file structure-v4.pdb (PDB, N, CA and C atoms, pLDDT in the B column)
MODEL        1
ATOM      1  N   ASP A  32       0.815  -1.198   0.000  1.00 76.00           N
ATOM      2  CA  ASP A  32       0.000   0.000   0.000  1.00 76.00           C
ATOM      3  C   ASP A  32       0.859   1.262   0.000  1.00 76.00           C
ATOM      4  N   ARG A  33       2.107   1.118  -0.473  1.00 87.00           N
ATOM      5  CA  ARG A  33       2.985   2.282  -0.542  1.00 87.00           C
ATOM      6  C   ARG A  33       3.085   2.763  -1.982  1.00 87.00           C
ATOM      7  N   GLU A  34       3.341   4.048  -2.127  1.00 91.00           N
ATOM      8  CA  GLU A  34       3.588   4.596  -3.461  1.00 91.00           C
ATOM      9  C   GLU A  34       5.001   4.206  -3.884  1.00 91.00           C
ATOM     10  N   ILE A  35       5.145   3.735  -5.102  1.00 87.00           N
ATOM     11  CA  ILE A  35       6.438   3.312  -5.624  1.00 87.00           C
ATOM     12  C   ILE A  35       6.878   4.291  -6.703  1.00 87.00           C
ATOM     13  N   SER A  36       8.124   4.743  -6.595  1.00 85.00           N
ATOM     14  CA  SER A  36       8.697   5.628  -7.613  1.00 85.00           C
ATOM     15  C   SER A  36       9.686   4.843  -8.448  1.00 85.00           C
ATOM     16  N   VAL A  37       9.605   5.002  -9.745  1.00 84.00           N
ATOM     17  CA  VAL A  37      10.543   4.350 -10.654  1.00 84.00           C
ATOM     18  C   VAL A  37      11.518   5.414 -11.139  1.00 84.00           C
ATOM     19  N   ILE A  38      12.808   5.134 -10.956  1.00 78.00           N
ATOM     20  CA  ILE A  38      13.842   6.060 -11.407  1.00 78.00           C
ATOM     21  C   ILE A  38      14.447   5.486 -12.688  1.00 78.00           C
ATOM     22  N   PRO A  39      14.360   6.209 -13.798  1.00 76.00           N
ATOM     23  CA  PRO A  39      14.891   5.695 -15.064  1.00 76.00           C
ATOM     24  C   PRO A  39      16.412   5.637 -15.039  1.00 76.00           C
ATOM     25  N   ASN A  40      16.983   5.002 -16.058  1.00 71.00           N
ATOM     26  CA  ASN A  40      18.420   4.922 -16.199  1.00 71.00           C
ATOM     27  C   ASN A  40      19.002   6.329 -16.116  1.00 71.00           C
ATOM     28  N   MET A  41      20.021   6.498 -15.303  1.00 71.00           N
ATOM     29  CA  MET A  41      20.558   7.832 -15.076  1.00 71.00           C
ATOM     30  C   MET A  41      21.855   8.070 -15.848  1.00 71.00           C
ATOM     31  N   VAL A  42      22.081   7.304 -16.903  1.00 69.00           N
ATOM     32  CA  VAL A  42      23.266   7.511 -17.731  1.00 69.00           C
ATOM     33  C   VAL A  42      23.057   8.767 -18.554  1.00 69.00           C
ATOM     34  N   SER A  43      24.007   9.631 -18.487  1.00 71.00           N
ATOM     35  CA  SER A  43      23.923  10.913 -19.177  1.00 71.00           C
ATOM     36  C   SER A  43      23.919  10.732 -20.695  1.00 71.00           C
ATOM     37  N   PRO A  44      23.175  11.565 -21.405  1.00 67.00           N
ATOM     38  CA  PRO A  44      23.230  11.513 -22.876  1.00 67.00           C
ATOM     39  C   PRO A  44      24.588  11.944 -23.407  1.00 67.00           C
ATOM     40  N   GLU A  45      25.469  12.429 -22.530  1.00 69.00           N
ATOM     41  CA  GLU A  45      26.821  12.805 -22.932  1.00 69.00           C
ATOM     42  C   GLU A  45      27.640  11.581 -23.328  1.00 69.00           C
ATOM     43  N   PHE A  46      27.262  10.403 -22.853  1.00 65.00           N
ATOM     44  CA  PHE A  46      27.979   9.189 -23.241  1.00 65.00           C
ATOM     45  C   PHE A  46      27.694   8.919 -24.708  1.00 65.00           C
ATOM     46  N   ARG A  47      28.751   8.676 -25.451  1.00 63.00           N
ATOM     47  CA  ARG A  47      28.600   8.450 -26.888  1.00 63.00           C
ATOM     48  C   ARG A  47      29.708   7.508 -27.341  1.00 63.00           C
ATOM     49  N   PRO A  48      29.616   6.986 -28.549  1.00 60.00           N
ATOM     50  CA  PRO A  48      30.680   6.112 -29.050  1.00 60.00           C
ATOM     51  C   PRO A  48      32.022   6.828 -29.051  1.00 60.00           C
ATOM     52  N   LEU A  49      33.078   6.059 -28.957  1.00 61.00           N
ATOM     53  CA  LEU A  49      34.417   6.622 -28.960  1.00 61.00           C
ATOM     54  C   LEU A  49      34.702   7.389 -30.245  1.00 61.00           C
ATOM     55  N   ASP A  50      35.549   8.380 -30.135  1.00 60.00           N
ATOM     56  CA  ASP A  50      36.009   9.088 -31.330  1.00 60.00           C
ATOM     57  C   ASP A  50      36.816   8.129 -32.198  1.00 60.00           C
ATOM     58  N   ILE A  51      36.923   8.429 -33.462  1.00 53.00           N
ATOM     59  CA  ILE A  51      37.618   7.562 -34.412  1.00 53.00           C
ATOM     60  C   ILE A  51      39.034   7.241 -33.945  1.00 53.00           C
ATOM     61  N   GLU A  52      39.779   8.248 -33.472  1.00 60.00           N
ATOM     62  CA  GLU A  52      41.165   7.983 -33.073  1.00 60.00           C
ATOM     63  C   GLU A  52      41.236   7.055 -31.867  1.00 60.00           C
ATOM     64  N   ASP A  53      40.226   7.057 -30.995  1.00 58.00           N
ATOM     65  CA  ASP A  53      40.216   6.160 -29.841  1.00 58.00           C
ATOM     66  C   ASP A  53      39.977   4.712 -30.247  1.00 58.00           C
ATOM     67  N   LYS A  54      39.322   4.488 -31.374  1.00 60.00           N
ATOM     68  CA  LYS A  54      39.034   3.128 -31.813  1.00 60.00           C
ATOM     69  C   LYS A  54      40.295   2.394 -32.250  1.00 60.00           C
ATOM     70  N   ASP A  55      41.372   3.134 -32.495  1.00 62.00           N
ATOM     71  CA  ASP A  55      42.610   2.514 -32.936  1.00 62.00           C
ATOM     72  C   ASP A  55      43.471   2.005 -31.783  1.00 62.00           C
ATOM     73  N   LYS A  56      43.068   2.246 -30.554  1.00 70.00           N
ATOM     74  CA  LYS A  56      43.883   1.781 -29.438  1.00 70.00           C
ATOM     75  C   LYS A  56      43.875   0.257 -29.403  1.00 70.00           C
ATOM     76  N   ASN A  57      44.908  -0.327 -28.835  1.00 81.00           N
ATOM     77  CA  ASN A  57      45.047  -1.778 -28.854  1.00 81.00           C
ATOM     78  C   ASN A  57      44.764  -2.400 -27.491  1.00 81.00           C
ATOM     79  N   TYR A  58      43.917  -1.760 -26.699  1.00 84.00           N
ATOM     80  CA  TYR A  58      43.544  -2.332 -25.409  1.00 84.00           C
ATOM     81  C   TYR A  58      42.073  -2.048 -25.121  1.00 84.00           C
ATOM     82  N   PHE A  59      41.545  -2.741 -24.116  1.00 86.00           N
ATOM     83  CA  PHE A  59      40.152  -2.571 -23.725  1.00 86.00           C
ATOM     84  C   PHE A  59      40.112  -2.181 -22.254  1.00 86.00           C
ATOM     85  N   ASP A  60      39.296  -1.204 -21.910  1.00 87.00           N
ATOM     86  CA  ASP A  60      39.153  -0.743 -20.531  1.00 87.00           C
ATOM     87  C   ASP A  60      37.813  -1.175 -19.954  1.00 87.00           C
ATOM     88  N   PHE A  61      37.847  -1.848 -18.796  1.00 89.00           N
ATOM     89  CA  PHE A  61      36.650  -2.067 -18.001  1.00 89.00           C
ATOM     90  C   PHE A  61      36.627  -0.960 -16.958  1.00 89.00           C
ATOM     91  N   LEU A  62      35.463  -0.398 -16.689  1.00 89.00           N
ATOM     92  CA  LEU A  62      35.324   0.675 -15.719  1.00 89.00           C
ATOM     93  C   LEU A  62      34.203   0.322 -14.760  1.00 89.00           C
ATOM     94  N   THR A  63      34.469   0.444 -13.472  1.00 90.00           N
ATOM     95  CA  THR A  63      33.439   0.239 -12.468  1.00 90.00           C
ATOM     96  C   THR A  63      33.528   1.386 -11.470  1.00 90.00           C
ATOM     97  N   ALA A  64      32.396   1.788 -10.929  1.00 89.00           N
ATOM     98  CA  ALA A  64      32.373   2.929 -10.019  1.00 89.00           C
ATOM     99  C   ALA A  64      31.426   2.665  -8.861  1.00 89.00           C
ATOM    100  N   GLY A  65      31.771   3.176  -7.699  1.00 88.00           N
ATOM    101  CA  GLY A  65      30.906   3.047  -6.539  1.00 88.00           C
ATOM    102  C   GLY A  65      31.679   3.293  -5.262  1.00 88.00           C
ATOM    103  N   ARG A  66      30.969   3.265  -4.153  1.00 89.00           N
ATOM    104  CA  ARG A  66      31.619   3.403  -2.851  1.00 89.00           C
ATOM    105  C   ARG A  66      32.366   2.119  -2.529  1.00 89.00           C
ATOM    106  N   LEU A  67      33.536   2.249  -1.954  1.00 89.00           N
ATOM    107  CA  LEU A  67      34.318   1.066  -1.593  1.00 89.00           C
ATOM    108  C   LEU A  67      33.881   0.563  -0.224  1.00 89.00           C
ATOM    109  N   VAL A  68      32.726  -0.077  -0.212  1.00 92.00           N
ATOM    110  CA  VAL A  68      32.176  -0.674   1.006  1.00 92.00           C
ATOM    111  C   VAL A  68      31.904  -2.143   0.721  1.00 92.00           C
ATOM    112  N   PRO A  69      31.939  -3.001   1.736  1.00 92.00           N
ATOM    113  CA  PRO A  69      31.748  -4.442   1.513  1.00 92.00           C
ATOM    114  C   PRO A  69      30.471  -4.790   0.751  1.00 92.00           C
ATOM    115  N   LEU A  70      29.411  -4.025   0.959  1.00 91.00           N
ATOM    116  CA  LEU A  70      28.135  -4.294   0.301  1.00 91.00           C
ATOM    117  C   LEU A  70      28.250  -4.266  -1.223  1.00 91.00           C
ATOM    118  N   LYS A  71      29.150  -3.440  -1.752  1.00 89.00           N
ATOM    119  CA  LYS A  71      29.303  -3.297  -3.206  1.00 89.00           C
ATOM    120  C   LYS A  71      30.083  -4.443  -3.839  1.00 89.00           C
ATOM    121  N   ARG A  72      30.780  -5.236  -3.031  1.00 92.00           N
ATOM    122  CA  ARG A  72      31.478  -6.456  -3.465  1.00 92.00           C
ATOM    123  C   ARG A  72      32.495  -6.244  -4.583  1.00 92.00           C
ATOM    124  N   PHE A  73      33.262  -5.170  -4.475  1.00 94.00           N
ATOM    125  CA  PHE A  73      34.321  -4.940  -5.454  1.00 94.00           C
ATOM    126  C   PHE A  73      35.370  -6.051  -5.404  1.00 94.00           C
ATOM    127  N   ASP A  74      35.462  -6.743  -4.277  1.00 94.00           N
ATOM    128  CA  ASP A  74      36.399  -7.862  -4.187  1.00 94.00           C
ATOM    129  C   ASP A  74      36.091  -8.926  -5.239  1.00 94.00           C
ATOM    130  N   ILE A  75      34.808  -9.167  -5.486  1.00 94.00           N
ATOM    131  CA  ILE A  75      34.408 -10.150  -6.494  1.00 94.00           C
ATOM    132  C   ILE A  75      34.773  -9.648  -7.889  1.00 94.00           C
ATOM    133  N   VAL A  76      34.551  -8.370  -8.143  1.00 94.00           N
ATOM    134  CA  VAL A  76      34.879  -7.787  -9.455  1.00 94.00           C
ATOM    135  C   VAL A  76      36.374  -7.919  -9.721  1.00 94.00           C
ATOM    136  N   ILE A  77      37.184  -7.556  -8.740  1.00 95.00           N
ATOM    137  CA  ILE A  77      38.634  -7.590  -8.910  1.00 95.00           C
ATOM    138  C   ILE A  77      39.137  -9.022  -9.058  1.00 95.00           C
ATOM    139  N   GLU A  78      38.630  -9.933  -8.248  1.00 96.00           N
ATOM    140  CA  GLU A  78      39.047 -11.336  -8.349  1.00 96.00           C
ATOM    141  C   GLU A  78      38.651 -11.942  -9.695  1.00 96.00           C
ATOM    142  N   ALA A  79      37.442 -11.667 -10.166  1.00 95.00           N
ATOM    143  CA  ALA A  79      36.987 -12.201 -11.455  1.00 95.00           C
ATOM    144  C   ALA A  79      37.817 -11.610 -12.599  1.00 95.00           C
ATOM    145  N   PHE A  80      38.098 -10.322 -12.516  1.00 95.00           N
ATOM    146  CA  PHE A  80      38.912  -9.693 -13.551  1.00 95.00           C
ATOM    147  C   PHE A  80      40.304 -10.320 -13.584  1.00 95.00           C
ATOM    148  N   ALA A  81      40.911 -10.482 -12.424  1.00 95.00           N
ATOM    149  CA  ALA A  81      42.246 -11.077 -12.346  1.00 95.00           C
ATOM    150  C   ALA A  81      42.248 -12.507 -12.883  1.00 95.00           C
ATOM    151  N   LYS A  82      41.210 -13.244 -12.592  1.00 96.00           N
ATOM    152  CA  LYS A  82      41.123 -14.633 -13.054  1.00 96.00           C
ATOM    153  C   LYS A  82      41.000 -14.703 -14.576  1.00 96.00           C
ATOM    154  N   MET A  83      40.218 -13.830 -15.154  1.00 95.00           N
ATOM    155  CA  MET A  83      39.960 -13.884 -16.591  1.00 95.00           C
ATOM    156  C   MET A  83      41.044 -13.213 -17.435  1.00 95.00           C
ATOM    157  N   PHE A  84      41.658 -12.156 -16.919  1.00 95.00           N
ATOM    158  CA  PHE A  84      42.545 -11.349 -17.755  1.00 95.00           C
ATOM    159  C   PHE A  84      43.955 -11.203 -17.186  1.00 95.00           C
ATOM    160  N   ASN A  85      44.334 -12.073 -16.285  1.00 92.00           N
ATOM    161  CA  ASN A  85      45.635 -11.994 -15.623  1.00 92.00           C
ATOM    162  C   ASN A  85      46.798 -11.946 -16.613  1.00 92.00           C
ATOM    163  N   ASN A  86      46.741 -12.696 -17.685  1.00 91.00           N
ATOM    164  CA  ASN A  86      47.842 -12.783 -18.634  1.00 91.00           C
ATOM    165  C   ASN A  86      47.616 -11.945 -19.891  1.00 91.00           C
ATOM    166  N   ASN A  87      46.701 -10.995 -19.824  1.00 93.00           N
ATOM    167  CA  ASN A  87      46.399 -10.166 -20.992  1.00 93.00           C
ATOM    168  C   ASN A  87      46.707  -8.699 -20.676  1.00 93.00           C
ATOM    169  N   PRO A  88      47.873  -8.201 -21.108  1.00 92.00           N
ATOM    170  CA  PRO A  88      48.228  -6.818 -20.800  1.00 92.00           C
ATOM    171  C   PRO A  88      47.413  -5.786 -21.582  1.00 92.00           C
ATOM    172  N   ASN A  89      46.567  -6.237 -22.495  1.00 92.00           N
ATOM    173  CA  ASN A  89      45.764  -5.319 -23.303  1.00 92.00           C
ATOM    174  C   ASN A  89      44.373  -5.074 -22.726  1.00 92.00           C
ATOM    175  N   VAL A  90      44.121  -5.588 -21.527  1.00 93.00           N
ATOM    176  CA  VAL A  90      42.828  -5.404 -20.881  1.00 93.00           C
ATOM    177  C   VAL A  90      43.084  -4.747 -19.517  1.00 93.00           C
ATOM    178  N   HIS A  91      42.386  -3.647 -19.251  1.00 92.00           N
ATOM    179  CA  HIS A  91      42.593  -2.888 -18.009  1.00 92.00           C
ATOM    180  C   HIS A  91      41.302  -2.795 -17.217  1.00 92.00           C
ATOM    181  N   LEU A  92      41.431  -2.719 -15.897  1.00 94.00           N
ATOM    182  CA  LEU A  92      40.298  -2.503 -15.008  1.00 94.00           C
ATOM    183  C   LEU A  92      40.556  -1.216 -14.245  1.00 94.00           C
ATOM    184  N   THR A  93      39.596  -0.308 -14.277  1.00 92.00           N
ATOM    185  CA  THR A  93      39.677   0.935 -13.512  1.00 92.00           C
ATOM    186  C   THR A  93      38.533   0.937 -12.524  1.00 92.00           C
ATOM    187  N   VAL A  94      38.850   1.167 -11.249  1.00 91.00           N
ATOM    188  CA  VAL A  94      37.843   1.259 -10.194  1.00 91.00           C
ATOM    189  C   VAL A  94      37.801   2.712  -9.739  1.00 91.00           C
ATOM    190  N   LEU A  95      36.663   3.356  -9.935  1.00 88.00           N
ATOM    191  CA  LEU A  95      36.464   4.741  -9.491  1.00 88.00           C
ATOM    192  C   LEU A  95      35.675   4.733  -8.195  1.00 88.00           C
ATOM    193  N   PHE A  96      36.115   5.507  -7.240  1.00 84.00           N
ATOM    194  CA  PHE A  96      35.403   5.581  -5.969  1.00 84.00           C
ATOM    195  C   PHE A  96      35.373   6.994  -5.470  1.00 84.00           C
TER     196      PHE A  96
ENDMDL
END
call {"tool": "encode", "arguments": {"input": "structure-v4.pdb", "output": "structure tokens"}}
result
Amino acid sequence: DREISVIPNMVSPEFRPLDIEDKDKNYFDFLTAGRLVPLKRFDIVIEAFAKMFNNNPNVHLTVLF
């Protein structure tokens, strides 16, 4: 019996495909963002990334907090 509010995707329309010169780079960036608290489980993200891409120097993980 409570009112429910739906919040749409909050990704800015400023996000757009990479510029042509950026498409020529020879690596891939994963980006994750959030507060570094146990609830967010960044430990799982980092462990999974390390397991999958440990031997690939062309794949990067950036954690923004």
call {"tool": "resolve_selection", "arguments": {"input": "structure-v4.pdb", "expression": "the PyMOL selection byres ((chain A and resi 58-64) around 7)", "output": "PyMOL selection string"}}
result
chain A and resi 55-57+65-66+88-96
call {"tool": "write_last_selection", "arguments": {"input": "structure-v4.pdb", "atoms": "N, CA and C atoms", "output": "short mmCIF file (atom, residue, chain, number, x, y, z; two decimals), in the coordinates of the input"}}
result
data_model
loop_
_atom_site.label_atom_id
_atom_site.label_comp_id
_atom_site.auth_asym_id
_atom_site.auth_seq_id
_atom_site.Cartn_x
_atom_site.Cartn_y
_atom_site.Cartn_z
N ASP A 55 41.37 3.13 -32.49
CA ASP A 55 42.61 2.51 -32.94
C ASP A 55 43.47 2.00 -31.78
N LYS A 56 43.07 2.25 -30.55
CA LYS A 56 43.88 1.78 -29.44
C LYS A 56 43.88 0.26 -29.40
N ASN A 57 44.91 -0.33 -28.84
CA ASN A 57 45.05 -1.78 -28.85
C ASN A 57 44.76 -2.40 -27.49
N GLY A 65 31.77 3.18 -7.70
CA GLY A 65 30.91 3.05 -6.54
C GLY A 65 31.68 3.29 -5.26
N ARG A 66 30.97 3.26 -4.15
CA ARG A 66 31.62 3.40 -2.85
C ARG A 66 32.37 2.12 -2.53
N PRO A 88 47.87 -8.20 -21.11
CA PRO A 88 48.23 -6.82 -20.80
C PRO A 88 47.41 -5.79 -21.58
N ASN A 89 46.57 -6.24 -22.50
CA ASN A 89 45.76 -5.32 -23.30
C ASN A 89 44.37 -5.07 -22.73
N VAL A 90 44.12 -5.59 -21.53
CA VAL A 90 42.83 -5.40 -20.88
C VAL A 90 43.08 -4.75 -19.52
N HIS A 91 42.39 -3.65 -19.25
CA HIS A 91 42.59 -2.89 -18.01
C HIS A 91 41.30 -2.80 -17.22
N LEU A 92 41.43 -2.72 -15.90
CA LEU A 92 40.30 -2.50 -15.01
C LEU A 92 40.56 -1.22 -14.24
N THR A 93 39.60 -0.31 -14.28
CA THR A 93 39.68 0.94 -13.51
C THR A 93 38.53 0.94 -12.52
N VAL A 94 38.85 1.17 -11.25
CA VAL A 94 37.84 1.26 -10.19
C VAL A 94 37.80 2.71 -9.74
N LEU A 95 36.66 3.36 -9.94
CA LEU A 95 36.46 4.74 -9.49
C LEU A 95 35.67 4.73 -8.20
N PHE A 96 36.12 5.51 -7.24
CA PHE A 96 35.40 5.58 -5.97
C PHE A 96 35.37 6.99 -5.47
#
call {"tool": "atom_distance", "arguments": {"input": "structure-v4.pdb", "atom1": "atom N of A:Asn40", "atom2": "atom C of A:Leu70"}}
result
20.8 Å
call {"tool": "select_by_dssp", "arguments": {"input": "structure-v4.pdb", "residues": "chain A", "states": "helix (DSSP H, G or I)", "output": "number ranges by chain"}}
result
A: 51-55, 69-71, 73-84
call {"tool": "atom_distance", "arguments": {"input": "structure-v4.pdb", "atom1": "atom CA of A:Leu67", "atom2": "atom N of A:Ala79"}}
result
15.7 Å
call {"tool": "atom_distance", "arguments": {"input": "structure-v4.pdb", "atom1": "atom CA of A:Phe73", "atom2": "atom CA of A:Asn87"}}
result
20.4 Å
call {"tool": "select_by_dssp", "arguments": {"input": "structure-v4.pdb", "residues": "chain A", "states": "strand (DSSP E or B)", "output": "number ranges by chain"}}
result
A: 59-64, 90-95
call {"tool": "build_atoms", "arguments": {"input": "structure-v4.pdb", "residues": "stretch 67-81 of chain A", "atoms": "N, CA, C and O atoms", "output": "short mmCIF file (atom, residue, chain, number, x, y, z; two decimals), keeping the file's coordinate frame"}}
result
data_model
loop_
_atom_site.label_atom_id
_atom_site.label_comp_id
_atom_site.auth_asym_id
_atom_site.auth_seq_id
_atom_site.Cartn_x
_atom_site.Cartn_y
_atom_site.Cartn_z
N LEU A 67 33.54 2.25 -1.95
CA LEU A 67 34.32 1.07 -1.59
C LEU A 67 33.88 0.56 -0.22
O LEU A 67 34.55 0.74 0.79
N VAL A 68 32.73 -0.08 -0.21
CA VAL A 68 32.18 -0.67 1.01
C VAL A 68 31.90 -2.14 0.72
O VAL A 68 31.69 -2.53 -0.43
N PRO A 69 31.94 -3.00 1.74
CA PRO A 69 31.75 -4.44 1.51
C PRO A 69 30.47 -4.79 0.75
O PRO A 69 30.46 -5.72 -0.05
N LEU A 70 29.41 -4.03 0.96
CA LEU A 70 28.14 -4.29 0.30
C LEU A 70 28.25 -4.27 -1.22
O LEU A 70 27.55 -4.99 -1.93
N LYS A 71 29.15 -3.44 -1.75
CA LYS A 71 29.30 -3.30 -3.21
C LYS A 71 30.08 -4.44 -3.84
O LYS A 71 30.08 -4.61 -5.05
N ARG A 72 30.78 -5.24 -3.03
CA ARG A 72 31.48 -6.46 -3.46
C ARG A 72 32.49 -6.24 -4.58
O ARG A 72 32.61 -7.04 -5.51
N PHE A 73 33.26 -5.17 -4.47
CA PHE A 73 34.32 -4.94 -5.45
C PHE A 73 35.37 -6.05 -5.40
O PHE A 73 36.08 -6.27 -6.37
N ASP A 74 35.46 -6.74 -4.28
CA ASP A 74 36.40 -7.86 -4.19
C ASP A 74 36.09 -8.93 -5.24
O ASP A 74 36.99 -9.48 -5.87
N ILE A 75 34.81 -9.17 -5.49
CA ILE A 75 34.41 -10.15 -6.49
C ILE A 75 34.77 -9.65 -7.89
O ILE A 75 35.26 -10.41 -8.72
N VAL A 76 34.55 -8.37 -8.14
CA VAL A 76 34.88 -7.79 -9.46
C VAL A 76 36.37 -7.92 -9.72
O VAL A 76 36.80 -8.37 -10.79
N ILE A 77 37.18 -7.56 -8.74
CA ILE A 77 38.63 -7.59 -8.91
C ILE A 77 39.14 -9.02 -9.06
O ILE A 77 39.97 -9.31 -9.93
N GLU A 78 38.63 -9.93 -8.25
CA GLU A 78 39.05 -11.34 -8.35
C GLU A 78 38.65 -11.94 -9.70
O GLU A 78 39.44 -12.65 -10.32
N ALA A 79 37.44 -11.67 -10.17
CA ALA A 79 36.99 -12.20 -11.46
C ALA A 79 37.82 -11.61 -12.60
O ALA A 79 38.20 -12.34 -13.52
N PHE A 80 38.10 -10.32 -12.52
CA PHE A 80 38.91 -9.69 -13.55
C PHE A 80 40.30 -10.32 -13.58
O PHE A 80 40.81 -10.66 -14.65
N ALA A 81 40.91 -10.48 -12.42
CA ALA A 81 42.25 -11.08 -12.35
C ALA A 81 42.25 -12.51 -12.88
O ALA A 81 43.17 -12.92 -13.59
#
